[in-house]
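S.K.: I'd like to ask some things about the structure below.
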Amino acid sequence: MSKPKNERRLTDDKAMAKASAIRTSARKLNLVAASIRGVSAATALTQLTFEKRRIAQDVKKVLQAAIANAENNHSLDVDRLVVSEAFCGRAFVMKRFHARGRGKSAGIEKPFSNLTIIVRERKEGEVDAKKEARRMKGLSKKEAVKETVVKKATTKKAAKAATGA
């Protein structure tokens, strides 16, 4: 007599990988995780390779594990994988102290985080949401970037400098 097999929590077109006790705060980790949400897996790997933050290498390892799980365990097509979810949370906090003058001490908190990445297989007719929005507006990528820079500019001078006028 053995226990019954656990039901699969994800749908058949998704695969997941987790990392626990990553040595950084959840807030810093979320900045990197947010940059790859909704992006194709290949693009996300390239983006993480050249990311300047130290924690990006740990996120890259978890993403590679999710891609490997999708390919080997769930027989999904690697070329059509998209990062559907990338989220993190707090794990635990190591508490240390720092000796100060006159016999006093100051607390130091060293936070740890957990990271979960879920990749899913893109359907046949499905396209990237950002690309589709640009296509609907009739803009090229360069024009779309220029448009967002102009929108973010707070003054007329900054807008003129951004467009080169």
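Chain identifiers are assigned as A, B, and so on, following the order in which chains appear in the structure tokens; residues are numbered from 1 within each chain, and ligands are numbered from 1 in order of appearance.
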Would you give me, as a ChimeraX atom specification, the residues in range 31-145 of chain A that DSSP reads as helix (DSSP H, G or I)?

M.R.: /A:31-36,41-49,56-72,78-80,101-103,129-137,141-145

S.K.: Atoms to include: N, CA and C atoms. Write the selected residues as a short mmCIF file (atom, residue, chain, number, x, y, z; two decimals), in the first residue's frame.

M.R.:
data_model
loop_
_atom_site.label_atom_id
_atom_site.label_comp_id
_atom_site.auth_asym_id
_atom_site.auth_seq_id
_atom_site.Cartn_x
_atom_site.Cartn_y
_atom_site.Cartn_z
N LEU A 31 12.60 42.68 -8.88
CA LEU A 31 12.97 43.58 -9.98
C LEU A 31 13.46 42.80 -11.19
N VAL A 32 14.25 41.75 -10.94
CA VAL A 32 14.76 40.93 -12.04
C VAL A 32 13.66 40.02 -12.57
N ALA A 33 12.85 39.45 -11.67
CA ALA A 33 11.77 38.56 -12.09
C ALA A 33 10.73 39.30 -12.93
N ALA A 34 10.46 40.55 -12.60
CA ALA A 34 9.49 41.34 -13.35
C ALA A 34 9.97 41.62 -14.77
N SER A 35 11.28 41.67 -14.96
CA SER A 35 11.82 42.00 -16.28
C SER A 35 11.64 40.86 -17.28
N ILE A 36 11.39 39.62 -16.80
CA ILE A 36 11.24 38.50 -17.73
C ILE A 36 9.81 37.99 -17.84
N ALA A 41 11.05 32.46 -23.64
CA ALA A 41 12.10 31.89 -22.80
C ALA A 41 13.50 32.20 -23.35
N ALA A 42 13.66 32.13 -24.66
CA ALA A 42 14.97 32.40 -25.26
C ALA A 42 15.38 33.86 -25.03
N THR A 43 14.45 34.77 -25.19
CA THR A 43 14.73 36.19 -24.96
C THR A 43 15.06 36.45 -23.50
N ALA A 44 14.33 35.79 -22.60
CA ALA A 44 14.57 35.95 -21.17
C ALA A 44 15.96 35.46 -20.78
N LEU A 45 16.40 34.34 -21.36
CA LEU A 45 17.74 33.82 -21.07
C LEU A 45 18.81 34.81 -21.51
N THR A 46 18.64 35.36 -22.70
CA THR A 46 19.60 36.35 -23.21
C THR A 46 19.62 37.59 -22.33
N GLN A 47 18.44 38.03 -21.94
CA GLN A 47 18.31 39.22 -21.10
C GLN A 47 18.99 39.00 -19.75
N LEU A 48 18.81 37.83 -19.16
CA LEU A 48 19.41 37.54 -17.85
C LEU A 48 20.92 37.36 -17.94
N THR A 49 21.40 36.89 -19.09
CA THR A 49 22.84 36.71 -19.26
C THR A 49 23.58 38.04 -19.17
N ALA A 56 20.69 38.03 -11.00
CA ALA A 56 20.19 37.58 -12.30
C ALA A 56 20.72 36.19 -12.66
N GLN A 57 21.92 35.85 -12.20
CA GLN A 57 22.47 34.52 -12.50
C GLN A 57 21.68 33.42 -11.81
N ASP A 58 21.19 33.67 -10.59
CA ASP A 58 20.35 32.69 -9.90
C ASP A 58 19.00 32.56 -10.59
N VAL A 59 18.45 33.68 -11.04
CA VAL A 59 17.17 33.65 -11.76
C VAL A 59 17.34 32.87 -13.06
N LYS A 60 18.47 33.06 -13.72
CA LYS A 60 18.75 32.36 -14.98
C LYS A 60 18.80 30.85 -14.75
N LYS A 61 19.42 30.41 -13.65
CA LYS A 61 19.48 28.98 -13.34
C LYS A 61 18.09 28.39 -13.15
N VAL A 62 17.23 29.12 -12.46
CA VAL A 62 15.87 28.63 -12.22
C VAL A 62 15.10 28.58 -13.54
N LEU A 63 15.28 29.58 -14.39
CA LEU A 63 14.62 29.58 -15.70
C LEU A 63 15.10 28.41 -16.55
N GLN A 64 16.39 28.13 -16.53
CA GLN A 64 16.92 26.99 -17.27
C GLN A 64 16.34 25.68 -16.75
N ALA A 65 16.15 25.58 -15.44
CA ALA A 65 15.54 24.39 -14.85
C ALA A 65 14.09 24.23 -15.29
N ALA A 66 13.36 25.35 -15.37
CA ALA A 66 11.96 25.30 -15.81
C ALA A 66 11.88 24.87 -17.27
N ILE A 67 12.81 25.36 -18.10
CA ILE A 67 12.84 24.97 -19.51
C ILE A 67 13.17 23.49 -19.64
N ALA A 68 14.13 23.01 -18.84
CA ALA A 68 14.49 21.59 -18.87
C ALA A 68 13.33 20.72 -18.40
N ASN A 69 12.59 21.17 -17.38
CA ASN A 69 11.42 20.42 -16.92
C ASN A 69 10.36 20.35 -18.01
N ALA A 70 10.17 21.46 -18.71
CA ALA A 70 9.16 21.49 -19.78
C ALA A 70 9.53 20.52 -20.90
N GLU A 71 10.80 20.48 -21.23
CA GLU A 71 11.26 19.63 -22.34
C GLU A 71 11.26 18.15 -21.95
N ASN A 72 11.86 17.83 -20.81
CA ASN A 72 12.06 16.43 -20.44
C ASN A 72 10.87 15.78 -19.74
N VAL A 78 10.47 23.58 -26.82
CA VAL A 78 11.30 24.60 -26.18
C VAL A 78 11.24 25.93 -26.94
N ASP A 79 11.12 25.88 -28.25
CA ASP A 79 11.13 27.10 -29.07
C ASP A 79 9.89 27.95 -28.86
N ARG A 80 8.81 27.35 -28.35
CA ARG A 80 7.56 28.10 -28.18
C ARG A 80 7.25 28.40 -26.72
N GLY A 101 29.54 51.46 19.82
CA GLY A 101 30.26 52.06 20.94
C GLY A 101 29.47 51.99 22.24
N ARG A 102 30.19 52.11 23.34
CA ARG A 102 29.63 52.14 24.69
C ARG A 102 28.83 50.87 25.03
N GLY A 103 29.25 49.74 24.52
CA GLY A 103 28.62 48.47 24.87
C GLY A 103 27.25 48.24 24.26
N ALA A 129 2.25 39.76 -26.73
CA ALA A 129 1.32 40.86 -26.48
C ALA A 129 1.91 42.22 -26.84
N LYS A 130 3.19 42.43 -26.52
CA LYS A 130 3.83 43.72 -26.81
C LYS A 130 3.96 43.93 -28.31
N LYS A 131 4.36 42.86 -29.02
CA LYS A 131 4.49 42.98 -30.46
C LYS A 131 3.14 43.25 -31.12
N GLU A 132 2.12 42.59 -30.60
CA GLU A 132 0.77 42.77 -31.16
C GLU A 132 0.28 44.19 -30.95
N ALA A 133 0.54 44.77 -29.80
CA ALA A 133 0.12 46.14 -29.52
C ALA A 133 0.81 47.12 -30.47
N ARG A 134 2.11 46.89 -30.73
CA ARG A 134 2.83 47.74 -31.68
C ARG A 134 2.27 47.59 -33.08
N ARG A 135 1.95 46.33 -33.48
CA ARG A 135 1.44 46.07 -34.81
C ARG A 135 0.09 46.75 -35.01
N MET A 136 -0.74 46.73 -33.96
CA MET A 136 -2.06 47.35 -34.06
C MET A 136 -1.94 48.87 -34.24
N LYS A 137 -0.92 49.46 -33.62
CA LYS A 137 -0.71 50.90 -33.78
C LYS A 137 -0.01 51.23 -35.09
N LYS A 141 9.45 48.92 -33.97
CA LYS A 141 9.96 48.86 -32.60
C LYS A 141 10.65 50.18 -32.22
N LYS A 142 11.43 50.73 -33.16
CA LYS A 142 12.14 51.98 -32.90
C LYS A 142 11.16 53.12 -32.64
N GLU A 143 10.09 53.18 -33.46
CA GLU A 143 9.09 54.23 -33.27
C GLU A 143 8.34 54.06 -31.96
N ALA A 144 8.06 52.81 -31.57
CA ALA A 144 7.36 52.56 -30.31
C ALA A 144 8.20 52.98 -29.12
N VAL A 145 9.50 52.71 -29.17
CA VAL A 145 10.39 53.12 -28.09
C VAL A 145 10.44 54.63 -28.01
#

S.K.: Please identify the strand (DSSP E) residues within chain A (assignment by DSSP from backbone atoms) and present them as a ChimeraX atom specification.

M.R.: /A:14-22,81-99,105-121

S.K.: Please indicate the distance in Å from CA of Thr116 in chain A to CA of Pro4 in chain A, rounded to one decimal place.

M.R.: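 Spanning CA of Thr116 in chain A to CA of Pro4 in chain A is a straight-line distance of 25.5 Å.
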
S.K.: Would you mind listing what lies within 8 Å of Glu85 in chain A as a PyMOL selection string, with only C-alpha atoms counted and same-chain residues fewer than 4 positions away left out?

M.R.: chain A and resi 37-38+116-119
